[in-house]
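*Asks:* Structure: final-v1.pdb, PDB, C-alpha atoms and all ligand atoms.
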```
MODEL        1
ATOM      1  CA  MET R   1       6.852   8.353 -36.562
ATOM      2  CA  PRO R   2       4.706   8.834 -33.473
ATOM      3  CA  GLU R   3       4.534  12.450 -32.500
ATOM      4  CA  GLN R   4       6.807  13.521 -29.690
ATOM      5  CA  LEU R   5       5.283  13.252 -26.259
ATOM      6  CA  ASP R   6       5.106  16.416 -24.237
ATOM      7  CA  PRO R   7       7.662  15.687 -21.495
ATOM      8  CA  SER R   8       5.774  17.907 -19.062
ATOM      9  CA  ALA R   9       2.571  15.913 -19.476
ATOM     10  CA  ASP R  10       2.234  13.279 -16.802
ATOM     11  CA  THR R  11       0.125  11.035 -18.942
ATOM     12  CA  GLY R  12       2.190   7.938 -19.308
ATOM     13  CA  LEU R  13       1.571   5.288 -21.893
ATOM     14  CA  THR R  14      -0.446   2.121 -21.902
ATOM     15  CA  VAL R  15       0.382  -1.383 -23.050
ATOM     16  CA  PHE R  16      -2.502  -3.792 -23.572
ATOM     17  CA  ARG R  17      -1.951  -7.378 -22.499
ATOM     18  CA  CYS R  18      -4.037 -10.495 -22.954
ATOM     19  CA  ALA R  19      -6.174 -10.961 -19.842
ATOM     20  CA  ALA R  20      -5.857 -14.731 -20.167
ATOM     21  CA  CYS R  21      -2.112 -15.275 -20.676
ATOM     22  CA  ASP R  22      -0.630 -11.807 -20.008
ATOM     23  CA  ALA R  23       1.110 -11.635 -23.382
ATOM     24  CA  ALA R  24       1.706  -8.080 -24.569
ATOM     25  CA  LEU R  25      -0.572  -7.380 -27.521
ATOM     26  CA  THR R  26       0.497  -3.818 -28.295
ATOM     27  CA  GLY R  27       3.415  -1.494 -27.933
ATOM     28  CA  ALA R  28       3.205   1.498 -25.603
ATOM     29  CA  LEU R  29       0.304   3.632 -26.761
ATOM     30  CA  ARG R  30      -0.907   7.120 -25.964
ATOM     31  CA  GLN R  31      -4.606   7.660 -25.358
ATOM     32  CA  LEU R  32      -6.546  10.019 -27.598
ATOM     33  CA  PRO R  33      -9.569  11.828 -26.151
ATOM     34  CA  ALA R  34     -11.873  10.242 -28.725
ATOM     35  CA  VAL R  35     -11.832   7.992 -31.761
ATOM     36  CA  PRO R  36     -10.931  10.228 -34.708
ATOM     37  CA  PRO R  37     -13.122  10.216 -37.802
ATOM     38  CA  PRO R  38     -11.763   7.730 -40.316
ATOM     39  CA  PRO R  39      -9.837   9.425 -43.136
ATOM     40  CA  PHE R  40     -11.712   9.753 -46.387
ATOM     41  CA  TYR R  41     -10.521   7.080 -48.750
ATOM     42  CA  ALA R  42     -11.918   6.423 -52.220
ATOM     43  CA  TRP R  43     -11.399   2.670 -51.946
ATOM     44  CA  TRP R  44     -13.452   2.073 -55.067
ATOM     45  CA  GLU R  45     -10.883   4.067 -57.047
ATOM     46  CA  ALA R  46      -7.825   2.388 -55.549
ATOM     47  CA  GLU R  47      -5.713   0.540 -58.076
ATOM     48  CA  THR R  48      -4.897  -2.293 -55.707
ATOM     49  CA  PRO R  49      -7.327  -3.480 -53.047
ATOM     50  CA  GLY R  50      -6.066  -3.205 -49.536
ATOM     51  CA  PRO R  51      -6.675  -1.605 -46.203
ATOM     52  CA  SER R  52      -7.787   1.998 -46.053
ATOM     53  CA  PRO R  53      -5.603   4.469 -44.147
ATOM     54  CA  ALA R  54      -5.824   3.746 -40.440
ATOM     55  CA  THR R  55      -8.410   5.640 -38.398
ATOM     56  CA  VAL R  56      -6.148   5.901 -35.360
ATOM     57  CA  PRO R  57      -2.594   7.207 -35.870
ATOM     58  CA  THR R  58       0.178   4.811 -35.026
ATOM     59  CA  GLY R  59       1.268   4.912 -31.405
ATOM     60  CA  CYS R  60      -2.194   5.877 -30.175
ATOM     61  CA  PHE R  61      -5.435   4.341 -29.015
ATOM     62  CA  ALA R  62      -8.920   5.598 -28.203
ATOM     63  CA  VAL R  63     -11.859   4.125 -26.370
ATOM     64  CA  GLU R  64     -15.044   3.613 -28.356
ATOM     65  CA  THR R  65     -17.835   4.985 -26.204
ATOM     66  CA  GLY R  66     -20.713   3.415 -28.085
ATOM     67  CA  PRO R  67     -21.634  -0.219 -28.574
ATOM     68  CA  CYS R  68     -19.463  -2.078 -31.001
ATOM     69  CA  GLY R  69     -19.899  -5.182 -33.073
ATOM     70  CA  PRO R  70     -22.655  -7.748 -33.195
ATOM     71  CA  PRO R  71     -25.395  -8.345 -32.437
ATOM     72  CA  ALA R  72     -26.689  -5.539 -34.615
ATOM     73  CA  ALA R  73     -30.183  -4.426 -35.481
ATOM     74  CA  THR R  74     -31.868  -1.611 -37.319
ATOM     75  CA  GLY R  75     -33.415   1.123 -35.232
ATOM     76  CA  THR R  76     -32.266   4.182 -33.387
ATOM     77  CA  GLY R  77     -28.766   4.542 -32.094
ATOM     78  CA  VAL R  78     -25.345   5.625 -33.136
ATOM     79  CA  VAL R  79     -24.645   4.702 -36.732
ATOM     80  CA  PRO R  80     -21.285   2.944 -36.758
ATOM     81  CA  ARG R  81     -18.445   4.330 -38.778
ATOM     82  CA  GLU R  82     -18.551   1.074 -40.694
ATOM     83  CA  ARG R  83     -22.115   1.879 -41.823
ATOM     84  CA  VAL R  84     -23.104  -1.728 -42.276
ATOM     85  CA  PRO R  85     -26.079  -1.794 -44.644
ATOM     86  CA  GLY R  86     -29.094  -3.584 -43.294
ATOM     87  CA  ALA R  87     -31.787  -5.570 -45.036
ATOM     88  CA  ASN R  88     -33.880  -2.576 -46.046
ATOM     89  CA  GLY R  89     -31.020  -0.210 -46.713
ATOM     90  CA  GLN R  90     -31.182   1.036 -43.148
ATOM     91  CA  PRO R  91     -27.859   1.012 -41.352
ATOM     92  CA  LEU R  92     -27.415  -1.714 -38.795
ATOM     93  CA  ILE R  93     -26.788  -0.351 -35.320
ATOM     94  CA  PRO R  94     -24.337  -2.395 -33.269
ATOM     95  CA  ARG R  95     -25.640  -3.664 -29.948
ATOM     96  CA  GLY R  96     -22.432  -5.300 -28.851
ATOM     97  CA  PRO R  97     -20.313  -4.436 -25.845
ATOM     98  CA  LYS R  98     -19.281  -0.845 -25.215
ATOM     99  CA  GLY R  99     -15.820   0.443 -24.503
ATOM    100  CA  SER R 100     -13.730  -1.416 -27.054
ATOM    101  CA  ILE R 101     -10.213  -0.085 -27.452
ATOM    102  CA  VAL R 102      -9.560   1.175 -30.973
ATOM    103  CA  LEU R 103      -6.053   1.292 -32.345
ATOM    104  CA  ASN R 104      -4.014   1.125 -35.498
ATOM    105  CA  PRO R 105      -3.791  -2.578 -36.446
ATOM    106  CA  ASP R 106      -0.091  -2.056 -37.169
ATOM    107  CA  ASP R 107       0.509  -1.374 -33.463
ATOM    108  CA  ALA R 108      -0.671  -4.805 -32.357
ATOM    109  CA  PHE R 109       1.397  -7.948 -32.515
ATOM    110  CA  GLY R 110       1.134 -11.646 -31.823
ATOM    111  CA  LEU R 111      -2.428 -11.801 -33.103
ATOM    112  CA  GLU R 112      -3.682 -14.313 -35.607
ATOM    113  CA  VAL R 113      -6.672 -13.716 -37.854
ATOM    114  CA  ARG R 114      -9.469 -16.186 -37.554
ATOM    115  CA  HIS R 115     -11.972 -15.023 -40.111
ATOM    116  CA  ALA R 116     -15.468 -14.928 -38.734
ATOM    117  CA  SER R 117     -17.105 -13.582 -41.877
ATOM    118  CA  GLY R 118     -16.345 -13.343 -45.544
ATOM    119  CA  ALA R 119     -14.573 -10.299 -46.921
ATOM    120  CA  CYS R 120     -13.056  -9.383 -50.246
ATOM    121  CA  CYS R 121      -9.468  -8.727 -49.205
ATOM    122  CA  GLY R 122      -9.274  -8.231 -45.459
ATOM    123  CA  ALA R 123     -11.237  -8.948 -42.327
ATOM    124  CA  THR R 124     -14.659  -7.609 -41.416
ATOM    125  CA  PRO R 125     -16.188  -7.153 -37.979
ATOM    126  CA  ASP R 126     -19.595  -8.368 -39.129
ATOM    127  CA  CYS R 127     -19.554 -11.610 -37.165
ATOM    128  CA  GLY R 128     -17.690 -10.540 -34.096
ATOM    129  CA  MET R 129     -14.184 -11.032 -32.827
ATOM    130  CA  ASN R 130     -11.705 -12.395 -35.338
ATOM    131  CA  GLN R 131      -8.315 -11.955 -33.675
ATOM    132  CA  LEU R 132      -6.740 -14.745 -31.645
ATOM    133  CA  CYS R 133      -4.036 -14.276 -29.058
ATOM    134  CA  ALA R 134      -1.240 -16.852 -29.196
ATOM    135  CA  CYS R 135      -2.932 -18.580 -26.241
ATOM    136  CA  GLY R 136      -6.042 -19.206 -28.346
ATOM    137  CA  THR R 137      -8.270 -16.571 -26.739
ATOM    138  CA  LEU R 138     -10.305 -14.280 -28.972
ATOM    139  CA  VAL R 139      -9.238 -10.818 -27.885
ATOM    140  CA  ALA R 140     -10.016  -8.380 -30.660
ATOM    141  CA  THR R 141     -11.808  -7.545 -33.864
ATOM    142  CA  LEU R 142      -9.860  -6.569 -36.947
ATOM    143  CA  CYS R 143     -11.497  -4.357 -39.520
ATOM    144  CA  SER R 144      -9.267  -4.335 -42.575
ATOM    145  CA  ASP R 145     -11.355  -4.946 -45.659
ATOM    146  CA  CYS R 146     -10.744  -2.398 -48.392
ATOM    147  CA  CYS R 147     -14.150  -0.731 -48.081
ATOM    148  CA  LEU R 148     -13.993  -0.383 -44.282
ATOM    149  CA  PRO R 149     -12.064   1.827 -41.900
ATOM    150  CA  TYR R 150      -8.750   0.230 -40.961
ATOM    151  CA  GLU R 151      -9.066  -0.400 -37.231
ATOM    152  CA  LEU R 152      -8.357  -2.956 -34.559
ATOM    153  CA  HIS R 153     -10.835  -3.144 -31.685
ATOM    154  CA  LEU R 154      -9.558  -4.807 -28.531
ATOM    155  CA  ALA R 155     -12.372  -6.267 -26.436
ATOM    156  CA  ALA R 156     -12.348  -4.383 -23.138
ATOM    157  CA  ASP R 157     -13.084  -7.546 -21.143
ATOM    158  CA  ARG R 158     -10.405  -9.640 -22.855
ATOM    159  CA  VAL R 159      -7.404  -7.388 -22.345
ATOM    160  CA  ARG R 160      -5.693  -5.670 -19.459
ATOM    161  CA  ALA R 161      -4.390  -2.108 -19.690
ATOM    162  CA  VAL R 162      -0.995  -1.666 -18.066
ATOM    163  CA  ARG R 163       0.417   1.814 -17.574
ATOM    164  CA  VAL R 164       4.047   2.259 -18.438
ATOM    165  CA  ARG R 165       6.347   5.164 -17.766
ATOM    166  CA  PRO R 166       6.928   7.551 -20.666
ATOM    167  CA  PRO R 167      10.274   6.969 -22.355
ATOM    168  CA  ALA R 168      13.018   9.348 -21.365
ATOM    169  CA  ALA R 169      12.987  12.435 -23.560
ATOM    170  CA  THR R 170      15.635  12.290 -26.239
ATOM    171  CA  GLY R 171      17.280  14.947 -28.300
ATOM    172  CA  THR R 172      16.950  17.658 -25.689
TER     173      THR R 172
HETATM  174 ZN    ZN R 201      -3.438 -14.726 -24.534
ENDMDL
END
```
Please rewrite the model in this file as structure tokens.
Ligand SMILES: [Zn+2]
*Replies:*
Amino acid sequence: MPEQLDPSADTGLTVFRCAACDAALTGALRQLPAVPPPPFYAWWEAETPGPSPATVPTGCFAVETGPCGPPAATGTGVVPRERVPGANGQPLIPRGPKGSIVLNPDDAFGLEVRHASGACCGATPDCGMNQLCACGTLVATLCSDCCLPYELHLAADRVRAVRVRPPAATGT
């Protein structure tokens, strides 16, 4: 269950819609101040392969401040949480667009996976966006392979953030 919103906080919620066709891609989400660290998950000890626990709690989103996704190169920069190993064991630093919107993949809907790179049991962000809106526009990158953090990254230039009013407080 999403945690109860503070009724006194005038924050509102945000729904992300496809910038091309205006389809809603998420439910109403609350913004976190930063992307939380992904939960520790011993994926190599898991009995059944599958997504790790989600980085972002359900009902929330956060904006990635650093660059995200390909192209990537070794060198100085922020090491991604994915820690993609490079050719010489050095982590690859993403040089892609900044400001992607990170959320729990379970909070998005209407998206279809179009695998851009091979993975063992999920999707990897290694080759860029891999999530199609129903209108055929690539709008997001799913990261769901068992050895990666479980995250969905909406491309900031492919979606539109729409503020919605907080739901009326219940149970009070
Ligand atoms: Zn669309």
*Asks:* Sorted by chain and rising residue number, list the residues of chain R at most 8 Å from ligand ZN 201 (chain R) (counting only C-alpha atoms and all ligand atoms), each with its closest atom pair and distance in Å to one decimal, as CSV.
*Replies:*
```
residue,atom,partner,partner_atom,distance
R:Arg17,CA,R:ZN201,ZN,7.8
R:Cys18,CA,R:ZN201,ZN,4.6
R:Ala19,CA,R:ZN201,ZN,6.6
R:Ala20,CA,R:ZN201,ZN,5.0
R:Cys21,CA,R:ZN201,ZN,4.1
R:Asp22,CA,R:ZN201,ZN,6.1
R:Ala23,CA,R:ZN201,ZN,5.6
R:Leu132,CA,R:ZN201,ZN,7.8
R:Cys133,CA,R:ZN201,ZN,4.6
R:Ala134,CA,R:ZN201,ZN,5.6
R:Cys135,CA,R:ZN201,ZN,4.2
R:Gly136,CA,R:ZN201,ZN,6.4
R:Thr137,CA,R:ZN201,ZN,5.6
R:Val139,CA,R:ZN201,ZN,7.8
```
*Asks:* Let me make sure I understand: among R:Asp145, R:Asp107, R:Asp126, R:Asp157, which one has the smallest atom-to-atom distance to Ala24 in chain R if we use only C-alpha atoms?
*Replies:* R:Asp107
*Asks:* Which residues, written as a PyMOL selection string, have at least one atom at most 12 Å from Cys60 in chain R, with only C-alpha atoms counted and residues fewer than 6 positions away on the same chain left out?
*Replies:* chain R and resi 1-5+12-16+26-36+54+101-108+151-152
*Asks:* Distance CA of Ala140 in chain R-CA of Ala155 in chain R, one decimal place?
*Replies:* 5.3 Å
*Asks:* Mind checking which residues fall within 10 Å of Trp43 in chain R, counting only C-alpha atoms, ignoring those fewer than 2 positions away in the same chain, and posting them as an MDAnalysis selection string?
*Replies:* chainID R and resid 40:41 45:53 145:148
*Asks:* CA of Phe61 in chain R and CA of Met129 in chain R, how far apart in Å?
*Replies:*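 CA of Phe61 in chain R lies 18.1 Å from CA of Met129 in chain R.
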*Asks:* With distances taken over only C-alpha atoms, which of R:Lys98, R:Arg158, R:Arg163, R:His115 is nearest to Ser144 in chain R?
*Replies:* R:His115
*Asks:* Suppose you want the space between CA of Ala62 in chain R and CA of Cys121 in chain R; what is it in Å?
*Replies:* 25.4 Å
*Asks:* In terms of the shortest atom-to-atom distance over all atoms listed in the file, which of R:Val56, R:Val63, R:Leu154, R:Leu111 is closest to Thr141 in chain R?
*Replies:*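 Closest to Thr141 in chain R of all the choices is R:Leu154.
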*Asks:* Centre and edge lengths of an axis-aligned box around all listed atoms of range 47-55 of chain R, with 6 Å added on each side, are to be given in Å to one decimal, as lines of an AutoDock Vina configuration file.
*Replies:*
```
center_x = -6.7
center_y = 1.1
center_z = -48.2
size_x = 15.5
size_y = 21.1
size_z = 31.7
```
*Asks:* Looking at only C-alpha atoms, which of R:Pro57, R:Leu25, R:Asn130, R:Pro125 is the one that sits closest to Val162 in chain R?
*Replies:* R:Leu25
*Asks:* For Gly128 in chain R, which residue out of R:Pro37, R:Pro97, R:Arg160, R:Gly110 is the nearest one, using only C-alpha atoms?
*Replies:* R:Pro97
